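Presented below is the structure to which this report refers.
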Amino acid sequence: MASRTPTSPRLDFGEPTTPYTAYAGIDELHSLQHPRSKEPAERTFIVATQVMELLFAQLRQEWTSAQHALRADDLAGATAALRRGLGVQDVLVGSWDLLATMTPVEFSAFRPYLGEASGFQSYAYLHLEFLLGNKHAPLLDLYAGHPRVHAELTETLNGPSLYDDVAALLARHGLSADAEGWTGIYRSSDPPQREFALFGELLLDVAERVSEWRRRHYTSVKRTMGAKPGTGGSSGLSWLQKAADQDVFPDLWSARNAL
């Protein structure tokens, strides 16, 4: 068979920019980094923050898609959405590598320019915490001046968590989502329950990645600023440690004690 002659990529599109640049908003994307200090590490900090924000929003979409599937008794659809989300979570955890080598001196050089800005104020991340069931209504006050965000967060706060939708699905099949219920599901040889057991393992994949992201956050802060108070007024390390120690989907973890 004759080999094909390689074709050179098209170079003239008759437009002021390339289709790639227009489609992905590349010009806008590269215009969003505005370091306020002369410390080179500040740009890395900004890029890492922006990457995480985009990934938070993508993960919210996947988890919300999983919820819609669960409500429709579509376990396969929920599984696909959560598996896509695992990839997002892996990149989120790896995003801390961008900040892993930042020294305390480098961070201190631009920290004053942060003012009271803190990742604690991320509404994209708060959506994820609400979806995990960590709901705290007073946090909505942060967004009282941002009607769209306030309304979306209020809806997530008042709606079912991801685990609530899992529990509702199991209840429709006569099963419980507490530790005892999961113990029975895992021990059962009934094919439908075996599917639920596999889904339980997928939920733990999600949970482990959430915990790993929190631990990496804690370690990153400990390495760059020690036990200083957080910029947003939190207690810093102790607040992050508490979050890192909190189990995600605790009933699934407790079921392990009886298996």
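Ordered as shown in the structure tokens, chains take letters A, B, and onward, while each chain numbers its residues from 1 and ligands are numbered from 1 in the order shown.
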
Within 10 Å of Asp73 (chain A), counting only C-alpha atoms, which residues qualify if same-chain residues fewer than 2 places away don't, as a PyMOL selection string? chain A and resi 67-71+75-78+166+168-170+172-173

Please, which residues of region 4-226 of chain A, numbered as in this document, come out helix (DSSP H, G or I) from DSSP, as a PyMOL selection string? chain A and resi 19-24+26-29+41-71+75-98+104-114+119-121+123-131+137-143+147-158+162-172+179-187+191-225

Any chance you could export the current selection's C-alpha atoms as a short mmCIF file (atom, residue, chain, number, x, y, z; two decimals), in the first residue's frame?
data_model
loop_
_atom_site.label_atom_id
_atom_site.label_comp_id
_atom_site.auth_asym_id
_atom_site.auth_seq_id
_atom_site.Cartn_x
_atom_site.Cartn_y
_atom_site.Cartn_z
CA PRO A 19 -10.14 28.95 15.19
CA TYR A 20 -8.41 27.33 18.17
CA THR A 21 -7.84 30.69 19.85
CA ALA A 22 -11.42 31.77 19.22
CA TYR A 23 -13.01 28.48 20.29
CA ALA A 24 -11.21 28.18 23.63
CA ILE A 26 -7.26 31.71 24.60
CA ASP A 27 -6.70 35.48 24.38
CA GLU A 28 -9.08 36.06 27.29
CA LEU A 29 -7.54 33.21 29.25
CA ALA A 41 6.10 32.89 42.34
CA GLU A 42 2.97 35.04 42.52
CA ARG A 43 2.10 34.27 38.91
CA THR A 44 2.38 30.54 39.64
CA PHE A 45 0.06 31.05 42.60
CA ILE A 46 -2.50 32.87 40.43
CA VAL A 47 -2.36 30.26 37.65
CA ALA A 48 -2.76 27.39 40.13
CA THR A 49 -5.73 29.15 41.71
CA GLN A 50 -7.40 29.76 38.36
CA VAL A 51 -6.82 26.18 37.23
CA MET A 52 -8.44 24.89 40.41
CA GLU A 53 -11.42 27.20 39.98
CA LEU A 54 -12.06 25.86 36.48
CA LEU A 55 -11.77 22.30 37.74
CA PHE A 56 -14.14 23.00 40.66
CA ALA A 57 -16.77 24.13 38.16
CA GLN A 58 -16.19 21.07 35.97
CA LEU A 59 -16.46 18.73 38.96
CA ARG A 60 -19.68 20.39 40.03
CA GLN A 61 -21.08 19.67 36.57
CA GLU A 62 -20.12 15.98 36.79
CA TRP A 63 -21.51 15.54 40.29
CA THR A 64 -24.72 17.32 39.33
CA SER A 65 -25.03 15.07 36.26
CA ALA A 66 -24.59 12.08 38.55
CA GLN A 67 -27.40 13.38 40.76
CA HIS A 68 -29.78 13.73 37.82
CA ALA A 69 -28.94 10.18 36.73
CA LEU A 70 -29.53 8.80 40.21
CA ARG A 71 -32.93 10.46 40.34
CA LEU A 75 -26.98 3.87 37.79
CA ALA A 76 -24.87 3.51 34.64
CA GLY A 77 -25.24 7.21 33.87
CA ALA A 78 -24.33 8.17 37.43
CA THR A 79 -21.33 5.86 37.29
CA ALA A 80 -20.12 7.44 34.04
CA ALA A 81 -20.44 10.96 35.46
CA LEU A 82 -18.58 10.13 38.67
CA ARG A 83 -15.83 8.37 36.72
CA ARG A 84 -15.37 11.48 34.58
CA GLY A 85 -15.23 13.40 37.82
CA LEU A 86 -12.45 11.17 39.14
CA GLY A 87 -10.23 12.41 36.32
CA VAL A 88 -11.03 15.98 37.27
CA GLN A 89 -10.26 15.21 40.91
CA ASP A 90 -6.92 13.66 40.00
CA VAL A 91 -5.90 16.82 38.17
CA LEU A 92 -7.12 18.90 41.12
CA VAL A 93 -4.93 16.95 43.52
CA GLY A 94 -1.98 17.23 41.14
CA SER A 95 -2.51 20.98 40.87
CA TRP A 96 -0.91 21.35 44.28
CA ASP A 97 2.38 20.32 42.65
CA LEU A 98 2.48 23.80 41.10
CA PRO A 104 7.90 30.78 52.76
CA VAL A 105 10.05 33.73 51.67
CA GLU A 106 8.49 33.72 48.19
CA PHE A 107 4.95 33.50 49.54
CA SER A 108 5.58 36.21 52.13
CA ALA A 109 6.81 38.50 49.36
CA PHE A 110 3.35 38.72 47.79
CA ARG A 111 1.03 37.68 50.59
CA PRO A 112 0.34 41.30 51.67
CA TYR A 113 -1.12 41.93 48.21
CA LEU A 114 -3.76 39.28 48.82
CA GLY A 119 -9.60 30.29 48.90
CA PHE A 120 -12.18 29.93 51.66
CA GLN A 121 -14.20 32.50 49.67
CA TYR A 123 -18.04 29.90 45.62
CA ALA A 124 -17.16 27.18 43.10
CA TYR A 125 -15.56 25.14 45.88
CA LEU A 126 -18.42 25.92 48.26
CA HIS A 127 -20.82 24.35 45.76
CA LEU A 128 -18.78 21.15 46.00
CA GLU A 129 -18.86 21.16 49.81
CA PHE A 130 -22.62 21.68 49.74
CA LEU A 131 -22.96 18.80 47.28
CA ALA A 137 -26.08 28.50 55.69
CA PRO A 138 -24.19 31.50 57.20
CA LEU A 139 -21.57 31.12 54.46
CA LEU A 140 -24.15 32.48 52.02
CA ASP A 141 -23.58 35.90 53.59
CA LEU A 142 -20.26 36.04 51.72
CA TYR A 143 -22.22 36.41 48.48
CA PRO A 147 -27.26 37.82 43.41
CA ARG A 148 -26.58 35.12 40.80
CA VAL A 149 -24.03 33.29 42.92
CA HIS A 150 -26.15 33.69 46.05
CA ALA A 151 -29.19 32.21 44.29
CA GLU A 152 -27.23 29.26 42.88
CA LEU A 153 -25.61 28.49 46.21
CA THR A 154 -28.95 28.77 47.99
CA GLU A 155 -30.40 26.23 45.58
CA THR A 156 -27.51 23.84 46.22
CA LEU A 157 -27.74 24.40 49.97
CA ASN A 158 -31.46 23.63 50.06
CA LEU A 162 -24.99 13.73 46.25
CA TYR A 163 -25.24 11.18 49.05
CA ASP A 164 -28.89 12.10 49.65
CA ASP A 165 -29.60 11.08 46.07
CA VAL A 166 -27.71 7.83 46.57
CA ALA A 167 -29.77 7.14 49.69
CA ALA A 168 -33.01 7.92 47.83
CA LEU A 169 -32.07 5.48 45.06
CA LEU A 170 -31.32 2.73 47.54
CA ALA A 171 -34.55 3.45 49.40
CA ARG A 172 -36.54 2.97 46.19
CA ALA A 179 -23.58 1.68 57.71
CA GLU A 180 -25.76 -1.36 58.43
CA GLY A 181 -27.44 -1.08 55.05
CA TRP A 182 -24.12 -0.91 53.20
CA THR A 183 -22.89 -3.91 55.18
CA GLY A 184 -25.83 -5.93 53.88
CA ILE A 185 -25.30 -4.68 50.33
CA TYR A 186 -21.65 -5.69 50.35
CA ARG A 187 -22.41 -9.14 51.74
CA PRO A 191 -26.85 -9.16 41.26
CA PRO A 192 -28.61 -5.78 41.72
CA GLN A 193 -27.03 -5.37 45.13
CA ARG A 194 -23.64 -6.29 43.68
CA GLU A 195 -24.08 -3.33 41.33
CA PHE A 196 -24.79 -1.10 44.29
CA ALA A 197 -21.70 -2.44 46.06
CA LEU A 198 -19.57 -1.51 43.05
CA PHE A 199 -21.16 1.92 43.08
CA GLY A 200 -20.30 2.20 46.77
CA GLU A 201 -16.66 1.58 45.88
CA LEU A 202 -16.86 4.31 43.26
CA LEU A 203 -18.22 6.68 45.90
CA LEU A 204 -15.19 5.85 48.04
CA ASP A 205 -12.94 6.65 45.08
CA VAL A 206 -14.59 10.07 45.08
CA ALA A 207 -14.24 10.37 48.85
CA GLU A 208 -10.55 9.46 48.86
CA ARG A 209 -9.76 12.11 46.28
CA VAL A 210 -11.66 14.77 48.22
CA SER A 211 -9.67 13.87 51.34
CA GLU A 212 -6.40 13.86 49.40
CA TRP A 213 -7.10 17.33 47.99
CA ARG A 214 -7.81 18.61 51.49
CA ARG A 215 -4.62 17.03 52.83
CA ARG A 216 -2.57 18.54 50.03
CA HIS A 217 -4.13 21.93 50.83
CA TYR A 218 -3.17 21.54 54.47
CA THR A 219 0.39 20.48 53.63
CA SER A 220 0.84 23.29 51.12
CA VAL A 221 -0.24 25.92 53.62
CA LYS A 222 1.89 24.38 56.36
CA ARG A 223 4.92 24.46 54.08
CA THR A 224 4.50 28.01 52.80
CA MET A 225 3.20 29.90 55.84
#

Rounded to one decimal in Å, what is the spacing between CA of Trp239 (chain A) and CA of Gln33 (chain A)?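 These two atoms are separated by 28.4 Å.
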
Using CA of Val248 (chain A) and CA of Ser176 (chain A) as the two end points, give the distance in Å to one decimal.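 Going from CA of Val248 (chain A) over to CA of Ser176 (chain A) covers 17.5 Å.
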